[in-house]
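Okay, structure.cif now, which holds mmCIF, C-alpha atoms and all ligand atoms:
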data_target
loop_
_atom_site.label_atom_id
_atom_site.label_comp_id
_atom_site.auth_asym_id
_atom_site.auth_seq_id
_atom_site.Cartn_x
_atom_site.Cartn_y
_atom_site.Cartn_z
CA MET C 216 -25.89 -18.57 121.33
CA PRO C 217 -26.55 -15.02 122.51
CA HIS C 218 -25.23 -13.88 125.89
CA VAL C 219 -27.87 -13.63 128.58
CA PHE C 220 -28.64 -10.28 130.19
CA THR C 221 -31.08 -10.00 133.08
CA VAL C 222 -32.37 -7.32 135.44
CA SER C 223 -33.31 -7.59 139.08
CA PRO C 224 -37.01 -8.54 139.29
CA ASP C 225 -37.82 -5.50 141.44
CA PHE C 226 -38.82 -3.36 138.46
CA THR C 227 -42.35 -2.42 137.62
CA PRO C 228 -43.51 -3.24 134.06
CA GLU C 229 -43.28 0.41 132.96
CA HIS C 230 -39.53 0.34 133.67
CA LEU C 231 -39.06 -2.80 131.59
CA SER C 232 -39.42 -1.17 128.17
CA GLY C 233 -36.34 0.88 129.10
CA TRP C 234 -34.35 -2.31 129.65
CA PHE C 235 -35.37 -3.66 126.24
CA ILE C 236 -34.13 -0.43 124.66
CA PHE C 237 -30.92 -0.73 126.69
CA ASN C 238 -30.46 -4.31 125.47
CA THR C 239 -30.67 -3.11 121.87
CA TRP C 240 -28.09 -0.42 122.61
CA LEU C 241 -25.86 -3.01 124.30
CA GLN C 242 -25.82 -5.33 121.28
CA LYS C 243 -24.89 -2.47 118.95
CA ALA C 244 -22.24 -1.14 121.35
CA LEU C 245 -20.47 -4.49 121.74
CA GLY C 246 -21.36 -6.05 118.40
CA GLU C 247 -22.46 -9.17 120.27
CA ALA C 248 -25.88 -10.80 120.58
CA PHE C 249 -27.61 -10.45 123.97
CA HIS C 250 -30.94 -11.89 125.03
CA LEU C 251 -32.82 -10.02 127.78
CA GLN C 252 -34.09 -12.76 130.05
CA LEU C 253 -36.60 -11.69 132.69
CA TYR C 254 -37.44 -13.66 135.80
CA ASP C 255 -40.70 -13.46 137.74
CA ASP C 256 -39.02 -13.54 141.11
CA PHE C 257 -35.67 -13.49 142.89
CA HIS C 258 -35.66 -17.25 143.50
CA SER C 259 -35.74 -18.18 139.84
CA GLN C 260 -33.17 -15.49 139.01
CA ARG C 261 -30.83 -16.81 141.73
CA ASP C 262 -31.21 -20.34 140.36
CA ALA C 263 -30.12 -19.02 136.96
CA ILE C 264 -27.11 -17.26 138.53
CA LYS C 265 -26.14 -20.39 140.46
CA SER C 266 -26.23 -22.54 137.35
CA ASP C 267 -24.08 -20.01 135.43
CA ARG C 268 -26.76 -19.04 132.94
CA ILE C 269 -26.27 -15.24 133.34
CA ASP C 270 -23.62 -13.15 131.58
CA LEU C 271 -24.66 -9.63 132.50
CA ILE C 272 -27.00 -8.48 135.28
CA TYR C 273 -28.44 -5.30 136.67
CA ALA C 274 -28.37 -6.67 140.18
CA ASN C 275 -30.10 -5.99 143.45
CA PRO C 276 -27.49 -5.13 146.13
CA TYR C 277 -28.61 -8.14 148.13
CA ASP C 278 -27.41 -10.48 145.38
CA ALA C 279 -24.07 -8.71 144.92
CA ALA C 280 -22.37 -10.91 147.54
CA MET C 281 -23.21 -14.11 145.73
CA LEU C 282 -22.40 -12.64 142.30
CA VAL C 283 -18.98 -11.29 143.31
CA ARG C 284 -17.79 -13.72 145.95
CA GLU C 285 -19.21 -16.99 144.67
CA LYS C 286 -19.51 -16.39 140.95
CA GLY C 287 -16.63 -14.01 140.19
CA PHE C 288 -18.76 -11.23 138.68
CA LYS C 289 -17.21 -7.77 138.42
CA PRO C 290 -19.02 -4.47 138.87
CA LEU C 291 -19.30 -2.04 135.97
CA VAL C 292 -21.55 0.92 136.78
CA LYS C 293 -24.39 2.25 138.93
CA PRO C 294 -26.97 4.91 138.07
CA GLU C 295 -25.66 8.32 139.08
CA GLY C 296 -27.08 9.71 142.31
CA LYS C 297 -29.45 6.83 142.87
CA ALA C 298 -29.07 4.81 146.06
CA ASP C 299 -31.61 2.34 147.44
CA GLU C 300 -33.24 3.71 150.56
CA ALA C 301 -36.15 2.36 152.62
CA VAL C 302 -39.12 4.06 154.28
CA ILE C 303 -41.27 2.74 157.11
CA ALA C 304 -44.78 4.18 156.82
CA VAL C 305 -48.16 3.81 158.52
CA SER C 306 -51.69 4.94 157.76
CA THR C 307 -52.45 8.44 159.05
CA GLU C 308 -55.38 6.80 160.88
CA ARG C 309 -52.85 5.21 163.24
CA PRO C 310 -51.50 7.19 166.18
CA TYR C 311 -47.82 6.28 165.62
CA LEU C 312 -45.47 9.20 164.97
CA GLN C 313 -42.14 7.37 165.24
CA VAL C 314 -40.98 3.79 164.99
CA GLU C 315 -40.69 3.52 168.78
CA ASP C 316 -44.47 4.12 169.06
CA LEU C 317 -45.28 0.85 167.27
CA PRO C 318 -46.72 -1.95 169.42
CA CYS C 319 -44.49 -4.84 170.52
CA SER C 320 -45.76 -7.13 167.80
CA ILE C 321 -46.99 -5.94 164.41
CA LYS C 322 -48.24 -7.00 161.02
CA LEU C 323 -45.85 -5.61 158.40
CA ALA C 324 -46.59 -5.17 154.70
CA THR C 325 -43.46 -5.64 152.60
CA THR C 326 -42.27 -6.85 149.19
CA GLU C 327 -39.81 -9.47 148.00
CA ASP C 328 -37.20 -6.75 147.33
CA PRO C 329 -34.49 -8.25 149.49
CA ASP C 330 -32.40 -5.14 150.13
CA VAL C 331 -35.32 -2.86 150.93
CA HIS C 332 -36.88 -5.42 153.23
CA MET C 333 -33.60 -5.89 155.08
CA MET C 334 -33.10 -2.14 155.54
CA GLY C 335 -36.71 -1.88 156.72
CA MET C 336 -36.22 -4.57 159.36
CA ILE C 337 -33.13 -2.75 160.66
CA MET C 338 -35.15 0.43 161.08
CA LEU C 339 -37.71 -1.47 163.17
CA GLU C 340 -35.09 -2.69 165.66
CA PRO C 341 -35.19 0.47 167.82
CA ALA C 342 -38.81 -0.50 168.57
CA ASP C 343 -37.66 -3.96 169.72
CA LEU C 344 -39.25 -5.49 166.65
CA ASP C 345 -37.54 -8.36 164.85
CA ALA C 346 -38.41 -11.41 162.75
CA ALA C 347 -40.00 -13.05 165.79
CA SER C 348 -42.35 -10.18 166.61
CA VAL C 349 -43.24 -9.16 163.05
CA GLU C 350 -45.81 -10.99 160.96
CA LEU C 351 -45.09 -10.40 157.26
CA LYS C 352 -47.58 -9.78 154.50
CA VAL C 353 -45.49 -10.03 151.30
CA CYS C 354 -47.01 -7.96 148.48
CA ASP C 355 -46.26 -7.93 144.75
CA SER C 356 -45.83 -4.16 144.53
CA TYR C 357 -45.46 -1.04 146.65
CA VAL C 358 -48.94 0.13 145.66
CA LEU C 359 -50.24 -3.07 147.24
CA VAL C 360 -48.17 -2.39 150.36
CA ALA C 361 -49.87 1.01 150.57
CA LYS C 362 -53.28 -0.61 150.15
CA GLU C 363 -52.61 -2.99 153.04
CA LEU C 364 -52.01 0.05 155.24
CA LEU C 365 -55.00 2.06 154.00
CA LYS C 366 -57.36 -0.88 154.47
CA GLY C 367 -56.03 -1.28 157.99
CA TYR C 368 -54.85 -4.87 157.39
CA CYS C 369 -51.25 -4.08 158.36
CA ASP C 370 -49.78 -1.82 161.06
CA ALA C 371 -46.78 -0.63 159.06
CA GLY C 372 -45.22 -1.04 155.62
CA VAL C 373 -41.73 -1.09 154.14
CA PHE C 374 -41.23 0.89 150.91
CA LEU C 375 -38.40 1.61 148.52
CA ALA C 376 -38.10 5.38 149.06
CA GLU C 377 -38.40 6.07 145.34
CA ALA C 378 -41.58 3.99 145.11
CA PHE C 379 -43.01 5.69 148.19
CA ASN C 380 -42.44 9.11 146.65
CA ASP C 381 -43.96 7.92 143.36
CA LEU C 382 -47.27 6.88 144.98
CA SER C 383 -50.23 8.95 143.80
CA SER C 384 -50.82 12.01 145.94
CA VAL C 385 -54.22 10.63 147.05
CA ILE C 386 -52.56 7.55 148.53
CA ARG C 387 -49.50 9.43 149.74
CA LYS C 388 -51.67 11.84 151.78
CA GLN C 389 -53.11 8.96 153.75
CA LEU C 390 -49.70 7.65 154.76
CA ARG C 391 -47.20 8.89 157.31
CA ALA C 392 -43.48 8.10 156.97
CA LEU C 393 -42.06 7.21 160.39
CA VAL C 394 -38.47 6.90 159.26
CA ASN C 395 -36.45 7.30 156.04
CA SER C 396 -33.14 5.51 155.70
CA GLN C 397 -30.13 7.63 154.76
CA ILE C 398 -27.63 4.91 154.07
CA GLN C 399 -26.43 6.32 150.72
CA VAL C 400 -24.06 3.51 149.79
CA VAL C 401 -26.46 0.68 148.91
CA HIS C 402 -27.28 0.64 145.22
CA HIS C 403 -28.13 -1.56 142.24
CA ALA C 404 -25.25 -2.14 139.83
CA LEU C 405 -24.60 -3.56 136.41
CA MET C 406 -22.25 -6.55 136.78
CA ILE C 407 -20.46 -8.72 134.27
CA SER C 408 -19.70 -12.44 134.50
CA PRO C 409 -16.16 -13.84 134.31
CA ARG C 410 -17.09 -15.38 130.94
CA LEU C 411 -17.32 -11.85 129.49
CA ALA C 412 -14.22 -10.56 131.30
CA ASP C 413 -12.56 -9.73 127.97
CA HIS C 414 -15.37 -7.30 127.19
CA ARG C 415 -15.32 -5.48 130.52
CA ASP C 416 -13.17 -2.49 129.58
CA ARG C 417 -14.87 -1.92 126.23
CA LEU C 418 -18.35 -2.15 127.76
CA LEU C 419 -17.37 0.16 130.61
CA GLY C 420 -16.08 2.74 128.14
CA ALA C 421 -19.27 2.53 126.08
CA LEU C 422 -21.50 2.83 129.17
CA LEU C 423 -19.69 5.90 130.46
CA ALA C 424 -19.84 7.51 126.99
CA MET C 425 -23.60 7.02 126.64
CA PRO C 426 -24.53 10.68 127.35
CA GLU C 427 -22.24 11.75 124.50
CA ASN C 428 -24.16 10.15 121.63
CA ASP C 429 -27.81 10.12 120.51
CA LYS C 430 -28.41 6.37 120.81
CA GLY C 431 -26.84 6.25 124.26
CA LYS C 432 -28.74 9.32 125.37
CA SER C 433 -32.12 7.95 124.36
CA ALA C 434 -31.41 4.59 126.00
CA LEU C 435 -30.52 6.40 129.25
CA ALA C 436 -33.66 8.52 128.96
CA ALA C 437 -35.76 5.35 128.58
CA LEU C 438 -34.23 4.09 131.85
CA LYS C 439 -34.68 7.48 133.53
CA ILE C 440 -30.99 7.46 134.44
CA PRO C 441 -28.98 10.67 133.84
CA ARG C 442 -25.72 8.82 133.36
CA TRP C 443 -23.81 5.81 134.64
CA GLU C 444 -21.15 6.13 137.26
CA ARG C 445 -18.23 3.71 137.48
CA VAL C 446 -18.16 1.23 140.37
CA ASP C 447 -14.72 -0.17 141.09
CA ASP C 448 -14.04 -3.52 142.73
CA GLU C 449 -13.32 -2.10 146.18
CA GLU C 450 -16.48 0.04 146.25
CA MET C 451 -18.49 -3.09 145.50
CA GLU C 452 -16.61 -5.11 148.15
CA PHE C 453 -17.32 -2.34 150.66
CA MET C 454 -21.05 -2.43 149.86
CA ILE C 455 -21.06 -6.21 150.22
CA ASP C 456 -19.28 -5.98 153.61
CA LEU C 457 -21.81 -3.38 154.73
CA MET C 458 -24.78 -5.51 153.65
CA ASP C 459 -23.15 -8.46 155.40
CA THR C 460 -23.45 -6.59 158.71
CA PHE C 461 -27.26 -6.49 158.21
CA VAL C 462 -27.50 -10.27 158.19
CA THR C 463 -27.60 -11.81 161.63
CA MET G 43 -3.26 10.11 171.67
CA GLN G 44 -3.98 13.48 173.26
CA ASP G 45 -5.83 13.83 176.54
CA MET G 46 -9.31 15.33 176.27
CA LYS G 47 -9.34 19.08 176.82
CA PRO G 48 -11.67 20.86 179.25
CA GLU G 49 -12.37 23.56 176.66
CA ASP G 50 -13.91 20.93 174.33
CA ILE G 51 -16.31 19.68 176.99
CA VAL G 52 -19.96 20.70 177.22
CA GLY G 53 -21.42 20.49 180.74
CA ALA G 54 -20.15 19.24 184.10
CA TYR G 55 -17.60 16.42 183.75
CA ARG G 56 -15.70 13.73 185.61
CA GLU G 57 -12.15 12.71 184.84
CA HIS G 58 -10.94 9.16 184.13
CA THR G 59 -7.63 7.72 183.06
CA LEU G 60 -7.85 4.96 180.48
CA VAL G 61 -4.95 2.63 179.82
CA HIS G 62 -5.26 1.28 176.31
CA PHE G 63 -4.10 -2.07 174.95
CA ASP G 64 -0.91 -0.54 173.52
CA GLY G 65 0.05 0.99 176.87
CA THR G 66 -1.14 4.50 175.96
CA ARG G 67 -2.63 6.40 178.92
CA ARG G 68 -5.30 8.92 178.16
CA ASN G 69 -7.26 11.27 180.39
CA VAL G 70 -10.88 11.37 179.30
CA LEU G 71 -13.54 13.83 180.46
CA VAL G 72 -17.04 12.42 180.72
CA THR G 73 -20.46 14.05 181.07
CA ASP G 74 -23.94 12.59 181.51
CA ILE G 75 -25.26 14.12 178.31
CA GLU G 76 -26.59 11.60 175.81
CA SER G 77 -26.81 12.35 172.09
CA PRO G 78 -29.78 10.55 170.54
CA TYR G 79 -28.96 8.21 167.68
CA PRO G 80 -30.06 9.80 164.38
CA ASP G 81 -33.04 7.96 162.84
CA GLY G 82 -32.51 6.00 159.65
CA ARG G 83 -28.74 6.43 159.60
CA LEU G 84 -25.82 4.07 159.81
CA ILE G 85 -22.57 5.10 161.44
CA VAL G 86 -19.75 3.47 159.48
CA SER G 87 -16.02 3.21 159.99
CA ARG G 88 -13.22 1.02 158.76
CA THR G 89 -9.86 0.25 160.31
CA ASP G 90 -6.64 -1.39 159.24
CA PRO G 91 -5.82 -4.77 160.82
CA ALA G 92 -4.36 -2.98 163.88
CA GLY G 93 -7.52 -0.98 164.61
CA ILE G 94 -6.34 2.35 163.17
CA ILE G 95 -9.22 4.26 161.54
CA THR G 96 -8.95 4.44 157.74
CA HIS G 97 -12.48 5.54 156.73
CA VAL G 98 -15.46 7.22 158.41
CA ASN G 99 -18.79 8.32 156.97
CA GLN G 100 -20.46 11.67 157.67
CA SER G 101 -22.73 10.21 160.38
CA PHE G 102 -19.61 9.01 162.21
CA VAL G 103 -18.11 12.48 162.08
CA ASP G 104 -21.39 14.10 163.21
CA MET G 105 -21.95 11.74 166.15
CA SER G 106 -18.37 11.55 167.42
CA GLY G 107 -17.85 15.32 167.38
CA TYR G 108 -14.35 14.92 165.89
CA SER G 109 -13.37 16.16 162.44
CA LYS G 110 -12.57 13.63 159.76
CA GLU G 111 -8.93 14.75 159.90
CA GLU G 112 -8.76 14.02 163.64
CA LEU G 113 -10.27 10.56 163.12
CA ILE G 114 -8.35 9.15 160.15
CA GLY G 115 -5.11 7.67 161.42
CA ALA G 116 -6.28 7.58 165.07
CA PRO G 117 -6.69 4.29 166.97
CA HIS G 118 -10.37 3.35 167.26
CA TYR G 119 -10.12 3.55 171.05
CA ILE G 120 -10.49 7.32 170.55
CA LEU G 121 -14.21 6.62 171.23
CA ARG G 122 -13.64 4.36 174.22
CA HIS G 123 -15.99 5.23 177.08
CA PRO G 124 -14.85 4.35 180.63
CA ASP G 125 -18.27 2.73 181.28
CA MET G 126 -17.53 0.07 178.64
CA PRO G 127 -16.16 -3.10 180.23
CA PRO G 128 -12.81 -4.29 178.78
CA ALA G 129 -14.33 -7.76 178.35
CA ALA G 130 -16.56 -6.46 175.56
CA PHE G 131 -13.60 -5.38 173.43
CA ARG G 132 -11.60 -8.49 174.30
CA ASP G 133 -14.52 -10.50 172.92
CA LEU G 134 -14.68 -8.22 169.86
CA TRP G 135 -11.02 -8.78 168.95
CA GLU G 136 -11.09 -12.53 169.69
CA THR G 137 -14.15 -12.90 167.49
CA LEU G 138 -12.58 -10.91 164.65
CA ARG G 139 -9.33 -12.89 164.86
CA ARG G 140 -11.35 -16.07 164.34
CA GLY G 141 -12.59 -14.41 161.13
CA GLU G 142 -16.11 -14.05 162.49
CA LYS G 143 -18.66 -11.26 162.79
CA TRP G 144 -19.07 -9.50 166.16
CA GLN G 145 -22.23 -7.82 167.32
CA GLY G 146 -22.78 -5.86 170.49
CA TYR G 147 -24.12 -2.77 172.18
CA VAL G 148 -21.54 -0.06 172.69
CA LYS G 149 -21.52 3.20 174.63
CA ASN G 150 -19.25 5.61 172.82
CA LEU G 151 -17.54 8.75 174.07
CA ARG G 152 -17.86 11.99 172.11
CA LYS G 153 -15.23 14.67 171.81
CA ASP G 154 -17.45 16.95 173.94
CA GLY G 155 -17.58 14.40 176.79
CA GLY G 156 -21.12 13.22 175.98
CA PHE G 157 -22.05 9.70 174.93
CA TYR G 158 -24.22 7.75 172.49
CA TRP G 159 -25.34 4.13 172.41
CA VAL G 160 -25.15 2.05 169.25
CA LYS G 161 -25.73 -1.48 168.12
CA ALA G 162 -22.47 -2.30 166.36
CA THR G 163 -21.65 -5.05 163.91
CA VAL G 164 -17.98 -5.51 163.07
CA ILE G 165 -16.70 -7.78 160.30
CA PRO G 166 -13.30 -8.62 158.85
CA ASN G 167 -12.73 -7.32 155.30
CA ILE G 168 -11.39 -10.28 153.39
CA ARG G 169 -9.81 -9.68 149.97
CA ASN G 170 -8.01 -12.48 148.14
CA ALA G 171 -8.20 -14.58 151.31
CA GLN G 172 -6.36 -11.89 153.35
CA VAL G 173 -7.80 -9.77 156.15
CA ILE G 174 -7.07 -6.21 154.97
CA GLY G 175 -9.00 -4.48 157.75
CA TYR G 176 -12.31 -4.33 159.58
CA THR G 177 -15.62 -2.56 159.00
CA SER G 178 -18.01 -1.51 161.75
CA VAL G 179 -21.59 -0.55 160.95
CA ARG G 180 -23.69 0.87 163.77
CA ARG G 181 -27.43 1.28 163.87
CA LYS G 182 -29.98 2.66 166.26
CA PRO G 183 -30.24 0.22 169.17
CA SER G 184 -33.39 -1.09 170.81
CA ARG G 185 -34.05 0.85 174.03
CA GLN G 186 -34.76 -2.34 175.91
CA LYS G 187 -31.39 -3.82 174.92
CA VAL G 188 -29.60 -0.63 175.98
CA ALA G 189 -31.39 -0.74 179.34
CA GLU G 190 -30.18 -4.33 179.81
CA CYS G 191 -26.59 -3.33 179.00
CA MET G 192 -26.75 -0.42 181.43
CA LYS G 193 -27.45 -2.98 184.16
CA LEU G 194 -25.03 -5.63 182.94
CA TYR G 195 -21.90 -3.66 182.00
CA PRO G 196 -21.06 -2.30 185.48
CA THR G 197 -20.95 -5.92 186.73
CA LEU G 198 -18.28 -6.89 184.16
CA PHE G 199 -15.39 -4.86 185.56
C1 LIG P 1 -13.82 -1.70 162.96
C2 LIG P 1 -13.70 -1.44 164.44
C3 LIG P 1 -14.55 -0.51 165.03
C4 LIG P 1 -14.47 -0.23 166.39
N1 LIG P 1 -15.32 0.69 166.92
C5 LIG P 1 -15.21 1.03 168.23
C6 LIG P 1 -16.06 2.01 168.79
O1 LIG P 1 -16.94 2.57 168.13
N2 LIG P 1 -15.89 2.33 170.10
C7 LIG P 1 -14.94 1.73 170.87
O2 LIG P 1 -14.85 2.07 172.04
N3 LIG P 1 -14.14 0.75 170.37
C8 LIG P 1 -14.26 0.39 169.07
N4 LIG P 1 -13.45 -0.58 168.55
C9 LIG P 1 -12.54 -1.29 169.47
C10 LIG P 1 -11.25 -0.55 169.69
O3 LIG P 1 -10.33 -0.93 168.68
C11 LIG P 1 -10.67 -0.91 171.05
O4 LIG P 1 -10.49 -2.31 171.13
C12 LIG P 1 -11.54 -0.46 172.22
O5 LIG P 1 -11.86 0.89 172.12
C13 LIG P 1 -10.85 -0.71 173.55
O6 LIG P 1 -9.55 -0.24 173.47
P1 LIG P 1 -8.50 -0.40 174.65
O7 LIG P 1 -8.70 -1.74 175.26
O8 LIG P 1 -7.16 -0.26 174.00
O9 LIG P 1 -8.80 0.73 175.59
C14 LIG P 1 -13.51 -0.89 167.19
C15 LIG P 1 -12.68 -1.84 166.60
C16 LIG P 1 -12.77 -2.11 165.23
C17 LIG P 1 -11.86 -3.13 164.62
#
Output the file's structure in the form of structure tokens.
Amino acid sequence: MPHVFTVSPDFTPEHLSGWFIFNTWLQKALGEAFHLQLYDDFHSQRDAIKSDRIDLIYANPYDAAMLVREKGFKPLVKPEGKADEAVIAVSTERPYLQVEDLPCSIKLATTEDPDVHMMGMIMLEPADLDAASVELKVCDSYVLVAKELLKGYCDAGVFLAEAFNDLSSVIRKQLRALVNSQIQVVHHALMISPRLADHRDRLLGALLAMPENDKGKSALAALKIPRWERVDDEEMEFMIDLMDTFVT
Amino acid sequence: MQDMKPEDIVGAYREHTLVHFDGTRRNVLVTDIESPYPDGRLIVSRTDPAGIITHVNQSFVDMSGYSKEELIGAPHYILRHPDMPPAAFRDLWETLRRGEKWQGYVKNLRKDGGFYWVKATVIPNIRNAQVIGYTSVRRKPSRQKVAECMKLYPTLF
């Protein structure tokens, strides 16, 4: 039976080919069989984690608490210089220039990305907006969030900063960012299950050495990651504690 | 803990003497100048179990006006504003000792005598079933909630 590797379902299809290439690299690096299992949504992925079907995961920060504290996963690496940040944006047709200008109840376009949504809700608090005063329109992608704003269906939208900056310039020009998070310490991470604990050090070494060999380099290029950076246990615990303060 | 120094203060100030939980007396100098909370940022600090600061992020340094060197190793009451009712911090510590999360609105004192309001969430850091310290994460508060606290807090002394 191959080990099961999975990635957080917040990736667009064009990123997925990179993960297949990474999976091939992984099998060669460890000399073990891995199957890349993709899930359509966070719920089905969490079910798989809960029933111990996952051996290695590129995890959303929101799921790190369950992985580490309930399932005994250990962190390996994060992409260098890449933190998850959120942006609250509106259509330029709307008069709002800052979050505090938003009305006291709004329709908010968002995605299922749990960490980005949570950071977005925190940035709405200064406007006295919370779950009770916000009606959610959950979209399948950030392009669809943008469309909700441009069509005037929603008052504001929550974006992953990277996705916001990747929007086409035509769309981007019709949107105004009200606030950008600068949290810096919330990030995705590759994490390993206790079943693979014996492989942790060897895998960590291979991941960190990727920029030094051709196969590793091309796998990183396919993921658009310059190199991996080590995440130690305490850094991960700190991120989990921080995320815990977001949950009321 | 050193008294606040007039040469560090920006603007007209009043003087107060705080008596901290450990018996330390400190003269603080207080102005009416508010520093707006920076948009999109979190102000983060950690303490050891006794409330001594062990970690601060850059936003903490920027907002408090102290250098990182002045903050690490100092008791967290270095930010204590005389307008904050003692009951708030009593509740904070009782909540933390029960192993629970505390949330509240806090007016903090800057090194230059000014102040800033935050919404703070403090949690115990539990490692191997032991409390090794506490983390506080502050975010920009709702103006309405701050206005309510400005009315309520003076009644709690
Ligand atoms: C993690 C953590 C963060 C804290 N942050 C603050 C703060 O920002 N401002 C503050 O006045 N007290 C803060 N406190 C509470 C102080 O430790 C202290 O209880 C408070 O300043 C009142 O001190 P006193 O009663 O000795 O004067 C914090 C405590 C902890 C554990």
Could the residues of chain C that have an atom at most 12 Å from ligand LIG 1 (chain P) be listed as JSON lines, each with its closest atom pair and the distance in Å to one decimal, counting all atoms listed in the file and ordered by chain and ascending residue number?
{"residue": "C:Asp456", "atom": "CA", "partner": "P:LIG1", "partner_atom": "C1", "distance": 11.6}
{"residue": "C:Leu457", "atom": "CA", "partner": "P:LIG1", "partner_atom": "C1", "distance": 11.6}
{"residue": "C:Thr460", "atom": "CA", "partner": "P:LIG1", "partner_atom": "C1", "distance": 11.6}
Do me a favour and pick out the residues of chain C within 10 Å of chain G, using all atoms listed in the file, as a PDB file with C-alpha atoms, in the frame of the given file.
ATOM      1  CA  ARG C 284     -17.790 -13.720 145.950  1.00  0.00           C
ATOM      2  CA  GLU C 300     -33.240   3.710 150.560  1.00  0.00           C
ATOM      3  CA  ALA C 301     -36.150   2.360 152.620  1.00  0.00           C
ATOM      4  CA  VAL C 302     -39.120   4.060 154.280  1.00  0.00           C
ATOM      5  CA  ILE C 303     -41.270   2.740 157.110  1.00  0.00           C
ATOM      6  CA  GLN C 313     -42.140   7.370 165.240  1.00  0.00           C
ATOM      7  CA  VAL C 314     -40.980   3.790 164.990  1.00  0.00           C
ATOM      8  CA  GLU C 315     -40.690   3.520 168.780  1.00  0.00           C
ATOM      9  CA  MET C 334     -33.100  -2.140 155.540  1.00  0.00           C
ATOM     10  CA  GLY C 335     -36.710  -1.880 156.720  1.00  0.00           C
ATOM     11  CA  ILE C 337     -33.130  -2.750 160.660  1.00  0.00           C
ATOM     12  CA  MET C 338     -35.150   0.430 161.080  1.00  0.00           C
ATOM     13  CA  LEU C 339     -37.710  -1.470 163.170  1.00  0.00           C
ATOM     14  CA  GLU C 340     -35.090  -2.690 165.660  1.00  0.00           C
ATOM     15  CA  PRO C 341     -35.190   0.470 167.820  1.00  0.00           C
ATOM     16  CA  ALA C 342     -38.810  -0.500 168.570  1.00  0.00           C
ATOM     17  CA  ASP C 343     -37.660  -3.960 169.720  1.00  0.00           C
ATOM     18  CA  LEU C 344     -39.250  -5.490 166.650  1.00  0.00           C
ATOM     19  CA  LEU C 393     -42.060   7.210 160.390  1.00  0.00           C
ATOM     20  CA  VAL C 394     -38.470   6.900 159.260  1.00  0.00           C
ATOM     21  CA  ASN C 395     -36.450   7.300 156.040  1.00  0.00           C
ATOM     22  CA  SER C 396     -33.140   5.510 155.700  1.00  0.00           C
ATOM     23  CA  GLN C 397     -30.130   7.630 154.760  1.00  0.00           C
ATOM     24  CA  ILE C 398     -27.630   4.910 154.070  1.00  0.00           C
ATOM     25  CA  GLN C 399     -26.430   6.320 150.720  1.00  0.00           C
ATOM     26  CA  GLU C 449     -13.320  -2.100 146.180  1.00  0.00           C
ATOM     27  CA  GLU C 452     -16.610  -5.110 148.150  1.00  0.00           C
ATOM     28  CA  PHE C 453     -17.320  -2.340 150.660  1.00  0.00           C
ATOM     29  CA  ILE C 455     -21.060  -6.210 150.220  1.00  0.00           C
ATOM     30  CA  ASP C 456     -19.280  -5.980 153.610  1.00  0.00           C
ATOM     31  CA  LEU C 457     -21.810  -3.380 154.730  1.00  0.00           C
ATOM     32  CA  MET C 458     -24.780  -5.510 153.650  1.00  0.00           C
ATOM     33  CA  ASP C 459     -23.150  -8.460 155.400  1.00  0.00           C
ATOM     34  CA  THR C 460     -23.450  -6.590 158.710  1.00  0.00           C
ATOM     35  CA  PHE C 461     -27.260  -6.490 158.210  1.00  0.00           C
ATOM     36  CA  VAL C 462     -27.500 -10.270 158.190  1.00  0.00           C
ATOM     37  CA  THR C 463     -27.600 -11.810 161.630  1.00  0.00           C
TER      38      THR C 463
END
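Taking all atoms listed in the file into account, Ala392 (chain C) lies nearest to C:Arg309 out of the set C:His414, C:Lys362, C:Lys289, C:Arg309.
All protein and nucleic acid residues in the vicinity of (-27.5, -11.7, 120.1), that is within 10 Å when counting all atoms listed in the file, are Met216, Pro217, His218, Val219, Asn238, Thr239, Leu241, Gln242, Lys243, Gly246, Glu247, Ala248, Phe249, His250 and Leu251 of chain C.
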Q: Up to 12 Å from (-18.1, 21.2, 185.8) in the file's coordinates: name the residues, counting only C-alpha atoms, as a ChimeraX atom specification.
A: /G:48-49,51-57,71-74,155
(Q) Quick check, in Å to one decimal: how far apart do CA of Ala376 (chain C) and CA of Ala304 (chain C) lie? (A) 10.3 Å
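Atom pair CA of Leu323 (chain C) / CA of Val349 (chain C) has a distance of 6.4 Å (rounded to one decimal).
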Name the residues in contact with Asp133 (chain G) at a cut-off of 10 Å, using all atoms listed in the file, excluding same-chain residues fewer than 4 positions from it; report them as a PDB file with C-alpha atoms, in the coordinates of the input.
ATOM      1  CA  PRO G 128     -12.810  -4.290 178.780  1.00  0.00           C
ATOM      2  CA  ALA G 129     -14.330  -7.760 178.350  1.00  0.00           C
ATOM      3  CA  THR G 137     -14.150 -12.900 167.490  1.00  0.00           C
ATOM      4  CA  LEU G 138     -12.580 -10.910 164.650  1.00  0.00           C
ATOM      5  CA  ARG G 139      -9.330 -12.890 164.860  1.00  0.00           C
ATOM      6  CA  TRP G 144     -19.070  -9.500 166.160  1.00  0.00           C
ATOM      7  CA  GLN G 145     -22.230  -7.820 167.320  1.00  0.00           C
ATOM      8  CA  GLY G 146     -22.780  -5.860 170.490  1.00  0.00           C
TER       9      GLY G 146
END
Near His123 (chain G), within 8 Å and counting only C-alpha atoms, which residues show up once chain neighbours fewer than 2 positions away are dropped, as a compact mmCIF listing (two decimals) with C-alpha atoms, in the frame of the given file?
# COMPACT_ATOMS: atom_id res chain seq x y z
CA LEU G 121 -14.21 6.62 171.23
CA ASP G 125 -18.27 2.73 181.28
CA MET G 126 -17.53 0.07 178.64
CA LYS G 149 -21.52 3.20 174.63
CA ASN G 150 -19.25 5.61 172.82
CA LEU G 151 -17.54 8.75 174.07
CA PHE G 157 -22.05 9.70 174.93
